[in-house]
Amino acid sequence: MHAPQRTFTPRQLRRYDGKHGRAAYVACNGIVYDVSRSYHWQTGIHWVQHRAGCDLTAEMTHAPHGSDLLERFPRVGVLIPKTHRTDTARRSNTSD
Amino acid sequence: MAKVAREMVEKAGVNVDQLLELLVKNASAELTTYYYYTILRANLIGLEGEGLKEIAEAARIEDRNHFEALMPRIYELGGKLPDSMVDFHNISACPPAKLPANPSDIRAMLTVLVEAERCAVRGYTHICNLTAGKDHRTYDLALAILNEEVEHESWFSEFLGEGPSGHFMRRGETSPFVGKFLR
């Protein structure tokens, strides 16, 4: 049996920016990874341009490595896509 | 600072401050790798270790050359190296290539060496991607370094049993690609 997956909205994910001792989480292809222990994510910044607390799916297409590299790090949850949240909100508005 | 040189790069759409940070971090990675490879090379001894010593030495010297070649470009673009060597070490683009806990474990030594080279290959590929068609001089330099880092990775990965690299050990001078920036 799988443990229930923790879910993150983009706003919740932003809290894990790796700054001031906070954990560094990044999302890619809907999965949220904890990269806090990576040398390359010290201070929540990777290669000057990339920030922890963000969905890096689009940026990954330009990276000199594949998303498989993230599998070295613990998966901590899933990112709720924006469209899903909108649909959920719309449904709850209709039922009101 | 080469004022117009920087202006040209900015006008081409490159964020020069970000580029400078990357160049400084990579210069740090080169110099710190030179240092850590000195320790690794000294510990490459015995029947297995001796076979690796010469390529570790070639990679060590070439990494120092990369530092020397990067430095002028950093200053041309208006950047500088940190005043403190400690700060410089700690901003390295790549983790320290430290001697494994068991220095007689040649496979562990090779893993450190190949990981260091792979980090460098990714780093210079990234800089090439950022500067291609925009900052010709930095691109030319990063590409020259990349060519040498790819060869270093190949040498070490071959010893790890990852298949033939297609490369041969350096013959003659070191830094066949970066040498033009050092003259």
# chains A, B, ... in the order shown; residues from 1 in each chain; ligands from 1
$ residues_around --residues "Glu71 (chain A)" --least-positions-apart "2" --cutoff "12 Å" --atoms "only C-alpha atoms" --output "ChimeraX atom specification"
/A:26-29,31-35,66-69,73-76
$ write_last_selection --atoms "C-alpha atoms" --output "mmCIF file, in the first residue's frame"
data_model
loop_
_atom_site.group_PDB
_atom_site.id
_atom_site.type_symbol
_atom_site.label_atom_id
_atom_site.label_comp_id
_atom_site.auth_asym_id
_atom_site.auth_seq_id
_atom_site.Cartn_x
_atom_site.Cartn_y
_atom_site.Cartn_z
ATOM 1 C CA VAL A 26 12.183 21.777 -6.708
ATOM 2 C CA ALA A 27 9.479 20.362 -8.948
ATOM 3 C CA CYS A 28 9.935 18.674 -12.297
ATOM 4 C CA ASN A 29 7.295 16.889 -14.364
ATOM 5 C CA ILE A 31 7.164 15.522 -8.861
ATOM 6 C CA VAL A 32 8.607 17.521 -5.964
ATOM 7 C CA TYR A 33 12.160 16.648 -4.909
ATOM 8 C CA ASP A 34 14.135 17.641 -1.827
ATOM 9 C CA VAL A 35 17.518 18.863 -3.094
ATOM 10 C CA GLY A 66 18.283 15.124 -17.897
ATOM 11 C CA SER A 67 15.528 15.112 -15.287
ATOM 12 C CA ASP A 68 16.718 11.617 -14.311
ATOM 13 C CA LEU A 69 19.449 13.327 -12.290
ATOM 14 C CA PHE A 73 17.157 12.999 -4.415
ATOM 15 C CA PRO A 74 14.200 12.124 -2.176
ATOM 16 C CA ARG A 75 10.730 12.571 -3.663
ATOM 17 C CA VAL A 76 8.657 14.556 -1.185
#
$ closest_atom_pairs --of "chain B" --to "chain A" --cutoff "7 Å" --atoms "only C-alpha atoms" --output "JSON lines"
{"residue": "B:Gln18", "atom": "CA", "partner": "A:Val48", "partner_atom": "CA", "distance": 6.4}
{"residue": "B:Glu21", "atom": "CA", "partner": "A:Val48", "partner_atom": "CA", "distance": 6.9}
{"residue": "B:Leu22", "atom": "CA", "partner": "A:Val48", "partner_atom": "CA", "distance": 6.6}
{"residue": "B:Pro95", "atom": "CA", "partner": "A:Tyr39", "partner_atom": "CA", "distance": 6.3}
{"residue": "B:Arg122", "atom": "CA", "partner": "A:Pro64", "partner_atom": "CA", "distance": 5.4}
{"residue": "B:Thr125", "atom": "CA", "partner": "A:Pro64", "partner_atom": "CA", "distance": 6.3}
{"residue": "B:His126", "atom": "CA", "partner": "A:Pro64", "partner_atom": "CA", "distance": 6.1}
$ write_last_selection --atoms "N, CA and C atoms" --output "PDB file, in the first residue's frame"
ATOM      1  N   GLN B  18      25.377  37.599 -14.499  1.00  0.00           N
ATOM      2  CA  GLN B  18      25.173  36.155 -14.291  1.00  0.00           C
ATOM      3  C   GLN B  18      26.313  35.357 -14.931  1.00  0.00           C
ATOM      4  N   GLU B  21      29.368  35.510 -12.816  1.00  0.00           N
ATOM      5  CA  GLU B  21      29.274  34.648 -11.629  1.00  0.00           C
ATOM      6  C   GLU B  21      29.594  33.203 -12.016  1.00  0.00           C
ATOM      7  N   LEU B  22      29.080  32.786 -13.162  1.00  0.00           N
ATOM      8  CA  LEU B  22      29.365  31.424 -13.630  1.00  0.00           C
ATOM      9  C   LEU B  22      30.854  31.240 -13.924  1.00  0.00           C
ATOM     10  N   PRO B  95      31.658  20.212  -6.501  1.00  0.00           N
ATOM     11  CA  PRO B  95      32.074  19.790  -5.161  1.00  0.00           C
ATOM     12  C   PRO B  95      33.571  19.465  -5.122  1.00  0.00           C
ATOM     13  N   ARG B 122      29.337  19.465 -17.738  1.00  0.00           N
ATOM     14  CA  ARG B 122      28.008  20.105 -17.665  1.00  0.00           C
ATOM     15  C   ARG B 122      28.142  21.622 -17.555  1.00  0.00           C
ATOM     16  N   THR B 125      29.280  23.165 -20.878  1.00  0.00           N
ATOM     17  CA  THR B 125      28.190  23.047 -21.864  1.00  0.00           C
ATOM     18  C   THR B 125      27.170  24.146 -21.595  1.00  0.00           C
ATOM     19  N   HIS B 126      26.878  24.372 -20.325  1.00  0.00           N
ATOM     20  CA  HIS B 126      25.930  25.411 -19.933  1.00  0.00           C
ATOM     21  C   HIS B 126      26.425  26.791 -20.395  1.00  0.00           C
TER      22      HIS B 126
END
$ residues_around --residues "region 40-47 of chain B" --least-positions-apart "6" --cutoff "7 Å" --atoms "only C-alpha atoms" --output "list in words"
Lys53, Ala56, Glu57, Leu99 and Pro103 of chain B
$ write_last_selection --atoms "C-alpha atoms" --output "PDB file, in the first residue's frame"
ATOM      1  CA  LYS B  53      48.923   8.602 -12.251  1.00  0.00           C
ATOM      2  CA  ALA B  56      45.540  12.293 -13.417  1.00  0.00           C
ATOM      3  CA  GLU B  57      48.596  14.502 -13.805  1.00  0.00           C
ATOM      4  CA  LEU B  99      40.517  11.867  -1.466  1.00  0.00           C
ATOM      5  CA  PRO B 103      42.828   5.978  -0.515  1.00  0.00           C
TER       6      PRO B 103
END
$ residues_around --residues "Ile61 (chain B)" --least-positions-apart "4" --cutoff "12 Å" --atoms "only C-alpha atoms" --output "PyMOL selection string"
chain B and resi 30-31+33-38+41+54-57+65-68+148-149+152+170+173-175+178-179
$ write_last_selection --atoms "N, CA and C atoms" --output "short mmCIF file (atom, residue, chain, number, x, y, z; two decimals), in the first residue's frame"
data_model
loop_
_atom_site.label_atom_id
_atom_site.label_comp_id
_atom_site.auth_asym_id
_atom_site.auth_seq_id
_atom_site.Cartn_x
_atom_site.Cartn_y
_atom_site.Cartn_z
N GLU B 30 38.14 24.98 -11.18
CA GLU B 30 39.39 24.56 -11.82
C GLU B 30 40.56 24.60 -10.84
N LEU B 31 40.66 25.70 -10.10
CA LEU B 31 41.81 25.83 -9.20
C LEU B 31 41.70 24.87 -8.01
N THR B 33 40.10 22.04 -8.06
CA THR B 33 40.33 20.69 -8.59
C THR B 33 41.83 20.44 -8.77
N TYR B 34 42.53 21.45 -9.23
CA TYR B 34 44.00 21.35 -9.35
C TYR B 34 44.60 20.96 -8.00
N TYR B 35 44.13 21.61 -6.96
CA TYR B 35 44.63 21.33 -5.61
C TYR B 35 44.29 19.90 -5.17
N TYR B 36 43.00 19.55 -5.30
CA TYR B 36 42.58 18.21 -4.83
C TYR B 36 43.18 17.09 -5.69
N TYR B 37 43.35 17.35 -6.98
CA TYR B 37 43.98 16.34 -7.84
C TYR B 37 45.44 16.12 -7.45
N THR B 38 46.08 17.14 -6.88
CA THR B 38 47.46 16.99 -6.43
C THR B 38 47.51 15.90 -5.35
N ARG B 41 46.62 12.47 -6.98
CA ARG B 41 47.75 11.95 -7.76
C ARG B 41 48.82 11.37 -6.84
N GLU B 54 49.55 9.08 -14.53
CA GLU B 54 49.92 9.99 -15.63
C GLU B 54 48.71 10.75 -16.17
N ILE B 55 47.56 10.08 -16.28
CA ILE B 55 46.40 10.81 -16.81
C ILE B 55 45.85 11.77 -15.74
N ALA B 56 45.96 11.37 -14.48
CA ALA B 56 45.54 12.29 -13.42
C ALA B 56 46.41 13.54 -13.45
N GLU B 57 47.68 13.36 -13.73
CA GLU B 57 48.60 14.50 -13.80
C GLU B 57 48.26 15.40 -15.01
N ASN B 65 45.51 25.13 -16.12
CA ASN B 65 45.53 25.97 -17.33
C ASN B 65 44.15 26.60 -17.58
N HIS B 66 43.10 25.86 -17.28
CA HIS B 66 41.75 26.40 -17.47
C HIS B 66 41.52 27.60 -16.56
N PHE B 67 42.00 27.49 -15.34
CA PHE B 67 41.90 28.62 -14.42
C PHE B 67 42.64 29.82 -15.01
N GLU B 68 43.85 29.59 -15.49
CA GLU B 68 44.66 30.68 -16.05
C GLU B 68 43.99 31.31 -17.26
N GLU B 148 38.61 19.80 -23.68
CA GLU B 148 39.58 19.11 -22.83
C GLU B 148 38.90 18.35 -21.70
N GLU B 149 37.82 18.93 -21.15
CA GLU B 149 37.11 18.25 -20.06
C GLU B 149 36.46 16.95 -20.56
N HIS B 152 39.11 14.39 -20.60
CA HIS B 152 39.42 13.92 -19.24
C HIS B 152 38.37 12.90 -18.78
N ARG B 170 47.39 12.03 -23.82
CA ARG B 170 48.06 13.20 -24.40
C ARG B 170 49.45 12.85 -24.92
N GLU B 173 52.50 18.48 -25.87
CA GLU B 173 52.07 19.52 -24.94
C GLU B 173 50.71 19.23 -24.32
N THR B 174 50.50 19.75 -23.13
CA THR B 174 49.16 19.69 -22.52
C THR B 174 48.30 20.80 -23.12
N SER B 175 47.02 20.75 -22.86
CA SER B 175 46.04 21.76 -23.31
C SER B 175 46.10 22.07 -24.81
N VAL B 178 43.11 24.66 -25.23
CA VAL B 178 43.14 25.90 -24.44
C VAL B 178 44.47 26.64 -24.61
N GLY B 179 45.48 25.94 -25.13
CA GLY B 179 46.82 26.51 -25.25
C GLY B 179 46.84 27.88 -25.92
#
$ atom_distance --atom1 "CA of Ala23 (chain A)" --atom2 "CA of Gly44 (chain A)"
8.3 Å
$ select_by_dssp --residues "chain A" --states "alpha helix (DSSP H)" --output "PyMOL selection string"
chain A and resi 10-14+57-60+82-95
$ write_last_selection --atoms "N, CA and C atoms" --output "PDB file, in the first residue's frame"
ATOM      1  N   PRO A  10       1.890  25.624  -6.327  1.00  0.00           N
ATOM      2  CA  PRO A  10       3.094  26.418  -6.625  1.00  0.00           C
ATOM      3  C   PRO A  10       3.419  27.400  -5.498  1.00  0.00           C
ATOM      4  N   ARG A  11       2.376  27.945  -4.867  1.00  0.00           N
ATOM      5  CA  ARG A  11       2.614  28.897  -3.781  1.00  0.00           C
ATOM      6  C   ARG A  11       3.253  28.199  -2.570  1.00  0.00           C
ATOM      7  N   GLN A  12       2.758  27.010  -2.252  1.00  0.00           N
ATOM      8  CA  GLN A  12       3.344  26.255  -1.125  1.00  0.00           C
ATOM      9  C   GLN A  12       4.791  25.865  -1.422  1.00  0.00           C
ATOM     10  N   LEU A  13       5.024  25.501  -2.672  1.00  0.00           N
ATOM     11  CA  LEU A  13       6.379  25.097  -3.067  1.00  0.00           C
ATOM     12  C   LEU A  13       7.380  26.243  -2.884  1.00  0.00           C
ATOM     13  N   ARG A  14       6.912  27.450  -3.146  1.00  0.00           N
ATOM     14  CA  ARG A  14       7.799  28.624  -3.076  1.00  0.00           C
ATOM     15  C   ARG A  14       8.421  28.824  -1.687  1.00  0.00           C
ATOM     16  N   THR A  57      10.362  22.373 -14.700  1.00  0.00           N
ATOM     17  CA  THR A  57      10.103  21.505 -15.862  1.00  0.00           C
ATOM     18  C   THR A  57      10.550  22.166 -17.166  1.00  0.00           C
ATOM     19  N   ALA A  58      10.164  23.410 -17.358  1.00  0.00           N
ATOM     20  CA  ALA A  58      10.516  24.098 -18.606  1.00  0.00           C
ATOM     21  C   ALA A  58      12.022  24.339 -18.688  1.00  0.00           C
ATOM     22  N   GLU A  59      12.616  24.739 -17.563  1.00  0.00           N
ATOM     23  CA  GLU A  59      14.059  25.029 -17.555  1.00  0.00           C
ATOM     24  C   GLU A  59      14.889  23.771 -17.812  1.00  0.00           C
ATOM     25  N   MET A  60      14.333  22.625 -17.407  1.00  0.00           N
ATOM     26  CA  MET A  60      15.068  21.369 -17.564  1.00  0.00           C
ATOM     27  C   MET A  60      15.354  21.060 -19.036  1.00  0.00           C
ATOM     28  N   LYS A  82      -1.728  23.881 -12.181  1.00  0.00           N
ATOM     29  CA  LYS A  82      -2.599  25.057 -12.090  1.00  0.00           C
ATOM     30  C   LYS A  82      -3.995  24.764 -12.619  1.00  0.00           C
ATOM     31  N   THR A  83      -4.083  24.038 -13.743  1.00  0.00           N
ATOM     32  CA  THR A  83      -5.379  23.765 -14.366  1.00  0.00           C
ATOM     33  C   THR A  83      -6.265  22.952 -13.438  1.00  0.00           C
ATOM     34  N   HIS A  84      -5.641  21.990 -12.745  1.00  0.00           N
ATOM     35  CA  HIS A  84      -6.384  21.129 -11.824  1.00  0.00           C
ATOM     36  C   HIS A  84      -7.010  21.982 -10.725  1.00  0.00           C
ATOM     37  N   ARG A  85      -6.191  22.921 -10.203  1.00  0.00           N
ATOM     38  CA  ARG A  85      -6.691  23.765  -9.119  1.00  0.00           C
ATOM     39  C   ARG A  85      -7.846  24.637  -9.612  1.00  0.00           C
ATOM     40  N   THR A  86      -7.742  25.115 -10.837  1.00  0.00           N
ATOM     41  CA  THR A  86      -8.788  25.972 -11.393  1.00  0.00           C
ATOM     42  C   THR A  86     -10.083  25.183 -11.540  1.00  0.00           C
ATOM     43  N   ASP A  87      -9.938  23.948 -12.068  1.00  0.00           N
ATOM     44  CA  ASP A  87     -11.132  23.108 -12.242  1.00  0.00           C
ATOM     45  C   ASP A  87     -11.798  22.827 -10.899  1.00  0.00           C
ATOM     46  N   THR A  88     -10.990  22.502  -9.908  1.00  0.00           N
ATOM     47  CA  THR A  88     -11.513  22.198  -8.580  1.00  0.00           C
ATOM     48  C   THR A  88     -12.242  23.420  -8.020  1.00  0.00           C
ATOM     49  N   ALA A  89     -11.613  24.584  -8.180  1.00  0.00           N
ATOM     50  CA  ALA A  89     -12.214  25.814  -7.669  1.00  0.00           C
ATOM     51  C   ALA A  89     -13.540  26.099  -8.374  1.00  0.00           C
ATOM     52  N   ARG A  90     -13.545  25.863  -9.726  1.00  0.00           N
ATOM     53  CA  ARG A  90     -14.759  26.144 -10.506  1.00  0.00           C
ATOM     54  C   ARG A  90     -15.904  25.228 -10.048  1.00  0.00           C
ATOM     55  N   ARG A  91     -15.556  23.926  -9.831  1.00  0.00           N
ATOM     56  CA  ARG A  91     -16.577  22.969  -9.408  1.00  0.00           C
ATOM     57  C   ARG A  91     -17.166  23.366  -8.054  1.00  0.00           C
ATOM     58  N   SER A  92     -16.294  23.775  -7.138  1.00  0.00           N
ATOM     59  CA  SER A  92     -16.799  24.120  -5.807  1.00  0.00           C
ATOM     60  C   SER A  92     -17.632  25.403  -5.867  1.00  0.00           C
ATOM     61  N   ASN A  93     -17.286  26.306  -6.805  1.00  0.00           N
ATOM     62  CA  ASN A  93     -18.083  27.528  -6.958  1.00  0.00           C
ATOM     63  C   ASN A  93     -19.476  27.194  -7.469  1.00  0.00           C
ATOM     64  N   THR A  94     -19.547  26.223  -8.431  1.00  0.00           N
ATOM     65  CA  THR A  94     -20.828  25.828  -9.035  1.00  0.00           C
ATOM     66  C   THR A  94     -21.747  25.211  -7.988  1.00  0.00           C
ATOM     67  N   SER A  95     -21.154  24.403  -7.113  1.00  0.00           N
ATOM     68  CA  SER A  95     -21.982  23.697  -6.129  1.00  0.00           C
ATOM     69  C   SER A  95     -22.502  24.640  -5.033  1.00  0.00           C
TER      70      SER A  95
END
$ atom_distance --atom1 "CA of Ile106 (chain B)" --atom2 "CA of Ala29 (chain B)"
22.7 Å
$ atom_distance --atom1 "CA of Leu77 (chain B)" --atom2 "CA of Leu141 (chain B)"
13.5 Å
$ closest_residue --among "B:Glu10, B:Glu50, B:Glu76, B:Glu117" --to "Ile145 (chain B)" --atoms "only C-alpha atoms"
B:Glu117
$ residues_around --residues "Glu7 (chain B)" --least-positions-apart "2" --cutoff "12 Å" --atoms "only C-alpha atoms" --output "list in words"
Met1, Ala2, Lys3, Val4, Ala5, Val9, Glu10, Lys11, Ala12, Gly13, Val14, Asn15, Val16, Glu76, Leu77, Gly78, Lys134 and Asp135 of chain B
$ write_last_selection --atoms "N, CA and C atoms" --output "mmCIF file, in the first residue's frame"
data_model
loop_
_atom_site.group_PDB
_atom_site.id
_atom_site.type_symbol
_atom_site.label_atom_id
_atom_site.label_comp_id
_atom_site.auth_asym_id
_atom_site.auth_seq_id
_atom_site.Cartn_x
_atom_site.Cartn_y
_atom_site.Cartn_z
ATOM 1 N N MET B 1 38.754 46.806 -17.291
ATOM 2 C CA MET B 1 37.595 46.230 -18.006
ATOM 3 C C MET B 1 37.645 46.656 -19.475
ATOM 4 N N ALA B 2 37.281 45.743 -20.352
ATOM 5 C CA ALA B 2 37.175 46.060 -21.779
ATOM 6 C C ALA B 2 35.740 46.551 -22.027
ATOM 7 N N LYS B 3 35.579 47.872 -21.933
ATOM 8 C CA LYS B 3 34.240 48.474 -21.900
ATOM 9 C C LYS B 3 33.357 48.090 -23.100
ATOM 10 N N VAL B 4 33.921 48.239 -24.283
ATOM 11 C CA VAL B 4 33.117 47.946 -25.478
ATOM 12 C C VAL B 4 32.860 46.442 -25.599
ATOM 13 N N ALA B 5 33.851 45.653 -25.211
ATOM 14 C CA ALA B 5 33.684 44.192 -25.269
ATOM 15 C C ALA B 5 32.495 43.772 -24.404
ATOM 16 N N VAL B 9 28.536 42.288 -25.537
ATOM 17 C CA VAL B 9 27.945 41.068 -24.971
ATOM 18 C C VAL B 9 26.567 41.388 -24.376
ATOM 19 N N GLU B 10 26.481 42.527 -23.696
ATOM 20 C CA GLU B 10 25.190 42.946 -23.118
ATOM 21 C C GLU B 10 24.165 43.176 -24.216
ATOM 22 N N LYS B 11 24.609 43.861 -25.282
ATOM 23 C CA LYS B 11 23.692 44.160 -26.381
ATOM 24 C C LYS B 11 23.202 42.902 -27.085
ATOM 25 N N ALA B 12 24.009 41.865 -27.016
ATOM 26 C CA ALA B 12 23.610 40.593 -27.651
ATOM 27 C C ALA B 12 22.578 39.845 -26.802
ATOM 28 N N GLY B 13 22.302 40.385 -25.603
ATOM 29 C CA GLY B 13 21.253 39.783 -24.774
ATOM 30 C C GLY B 13 21.744 38.863 -23.674
ATOM 31 N N VAL B 14 23.046 38.908 -23.403
ATOM 32 C CA VAL B 14 23.576 38.064 -22.323
ATOM 33 C C VAL B 14 23.529 38.856 -21.016
ATOM 34 N N ASN B 15 23.086 38.224 -19.951
ATOM 35 C CA ASN B 15 23.145 38.836 -18.622
ATOM 36 C C ASN B 15 24.594 38.692 -18.145
ATOM 37 N N VAL B 16 25.359 39.770 -18.290
ATOM 38 C CA VAL B 16 26.810 39.689 -18.057
ATOM 39 C C VAL B 16 27.129 39.401 -16.586
ATOM 40 N N GLU B 76 38.171 41.164 -18.160
ATOM 41 C CA GLU B 76 37.746 41.893 -19.370
ATOM 42 C C GLU B 76 36.289 42.304 -19.279
ATOM 43 N N LEU B 77 35.475 41.403 -18.737
ATOM 44 C CA LEU B 77 34.031 41.661 -18.677
ATOM 45 C C LEU B 77 33.629 42.494 -17.455
ATOM 46 N N GLY B 78 34.625 42.926 -16.684
ATOM 47 C CA GLY B 78 34.327 43.784 -15.536
ATOM 48 C C GLY B 78 34.163 43.038 -14.232
ATOM 49 N N LYS B 134 26.408 34.839 -29.274
ATOM 50 C CA LYS B 134 26.221 36.126 -28.581
ATOM 51 C C LYS B 134 27.542 36.693 -28.050
ATOM 52 N N ASP B 135 28.252 35.872 -27.340
ATOM 53 C CA ASP B 135 29.530 36.309 -26.761
ATOM 54 C C ASP B 135 30.590 35.375 -27.335
#
$ select_by_dssp --residues "chain A" --states "strand (DSSP E or B)" --output "PyMOL selection string"
chain A and resi 7-8+17+24-28+31-34+45-46+50-51+55+75-79
$ decode --residues "region 10-63 of chain A" --atoms "C-alpha atoms" --output "mmCIF file, in the first residue's frame"
data_model
loop_
_atom_site.group_PDB
_atom_site.id
_atom_site.type_symbol
_atom_site.label_atom_id
_atom_site.label_comp_id
_atom_site.auth_asym_id
_atom_site.auth_seq_id
_atom_site.Cartn_x
_atom_site.Cartn_y
_atom_site.Cartn_z
ATOM 1 C CA PRO A 10 3.094 26.418 -6.625
ATOM 2 C CA ARG A 11 2.614 28.897 -3.781
ATOM 3 C CA GLN A 12 3.344 26.255 -1.125
ATOM 4 C CA LEU A 13 6.379 25.097 -3.067
ATOM 5 C CA ARG A 14 7.799 28.624 -3.076
ATOM 6 C CA ARG A 15 8.309 28.426 0.708
ATOM 7 C CA TYR A 16 11.017 25.792 0.202
ATOM 8 C CA ASP A 17 13.509 28.170 -1.359
ATOM 9 C CA GLY A 18 16.638 26.877 0.400
ATOM 10 C CA LYS A 19 17.370 30.262 1.957
ATOM 11 C CA HIS A 20 18.155 30.999 5.632
ATOM 12 C CA GLY A 21 18.249 27.315 6.547
ATOM 13 C CA ARG A 22 14.948 26.438 4.858
ATOM 14 C CA ALA A 23 14.722 23.219 2.856
ATOM 15 C CA ALA A 24 15.268 23.429 -0.911
ATOM 16 C CA TYR A 25 12.532 21.731 -2.952
ATOM 17 C CA VAL A 26 12.183 21.777 -6.708
ATOM 18 C CA ALA A 27 9.479 20.362 -8.948
ATOM 19 C CA CYS A 28 9.935 18.674 -12.297
ATOM 20 C CA ASN A 29 7.295 16.889 -14.364
ATOM 21 C CA GLY A 30 4.853 17.080 -11.455
ATOM 22 C CA ILE A 31 7.164 15.522 -8.861
ATOM 23 C CA VAL A 32 8.607 17.521 -5.964
ATOM 24 C CA TYR A 33 12.160 16.648 -4.909
ATOM 25 C CA ASP A 34 14.135 17.641 -1.827
ATOM 26 C CA VAL A 35 17.518 18.863 -3.094
ATOM 27 C CA SER A 36 18.585 20.410 0.235
ATOM 28 C CA ARG A 37 21.562 18.078 0.554
ATOM 29 C CA SER A 38 22.899 18.706 -2.923
ATOM 30 C CA TYR A 39 26.149 20.637 -3.236
ATOM 31 C CA HIS A 40 24.718 22.211 -6.370
ATOM 32 C CA TRP A 41 21.745 23.730 -4.540
ATOM 33 C CA GLN A 42 23.580 25.530 -1.750
ATOM 34 C CA THR A 43 21.707 28.704 -0.761
ATOM 35 C CA GLY A 44 18.793 27.537 -2.918
ATOM 36 C CA ILE A 45 20.410 28.598 -6.169
ATOM 37 C CA HIS A 46 21.693 26.280 -8.871
ATOM 38 C CA TRP A 47 24.151 27.434 -11.528
ATOM 39 C CA VAL A 48 23.373 31.096 -10.811
ATOM 40 C CA GLN A 49 20.058 31.018 -12.707
ATOM 41 C CA HIS A 50 17.803 28.393 -11.166
ATOM 42 C CA ARG A 51 15.908 28.904 -7.921
ATOM 43 C CA ALA A 52 14.631 26.373 -5.394
ATOM 44 C CA GLY A 53 10.915 26.561 -4.629
ATOM 45 C CA CYS A 54 10.039 26.554 -8.317
ATOM 46 C CA ASP A 55 8.738 24.243 -11.006
ATOM 47 C CA LEU A 56 11.781 23.651 -13.211
ATOM 48 C CA THR A 57 10.103 21.505 -15.862
ATOM 49 C CA ALA A 58 10.516 24.098 -18.606
ATOM 50 C CA GLU A 59 14.059 25.029 -17.555
ATOM 51 C CA MET A 60 15.068 21.369 -17.564
ATOM 52 C CA THR A 61 14.726 21.251 -21.341
ATOM 53 C CA HIS A 62 17.712 23.619 -21.591
ATOM 54 C CA ALA A 63 19.785 21.948 -18.873
#
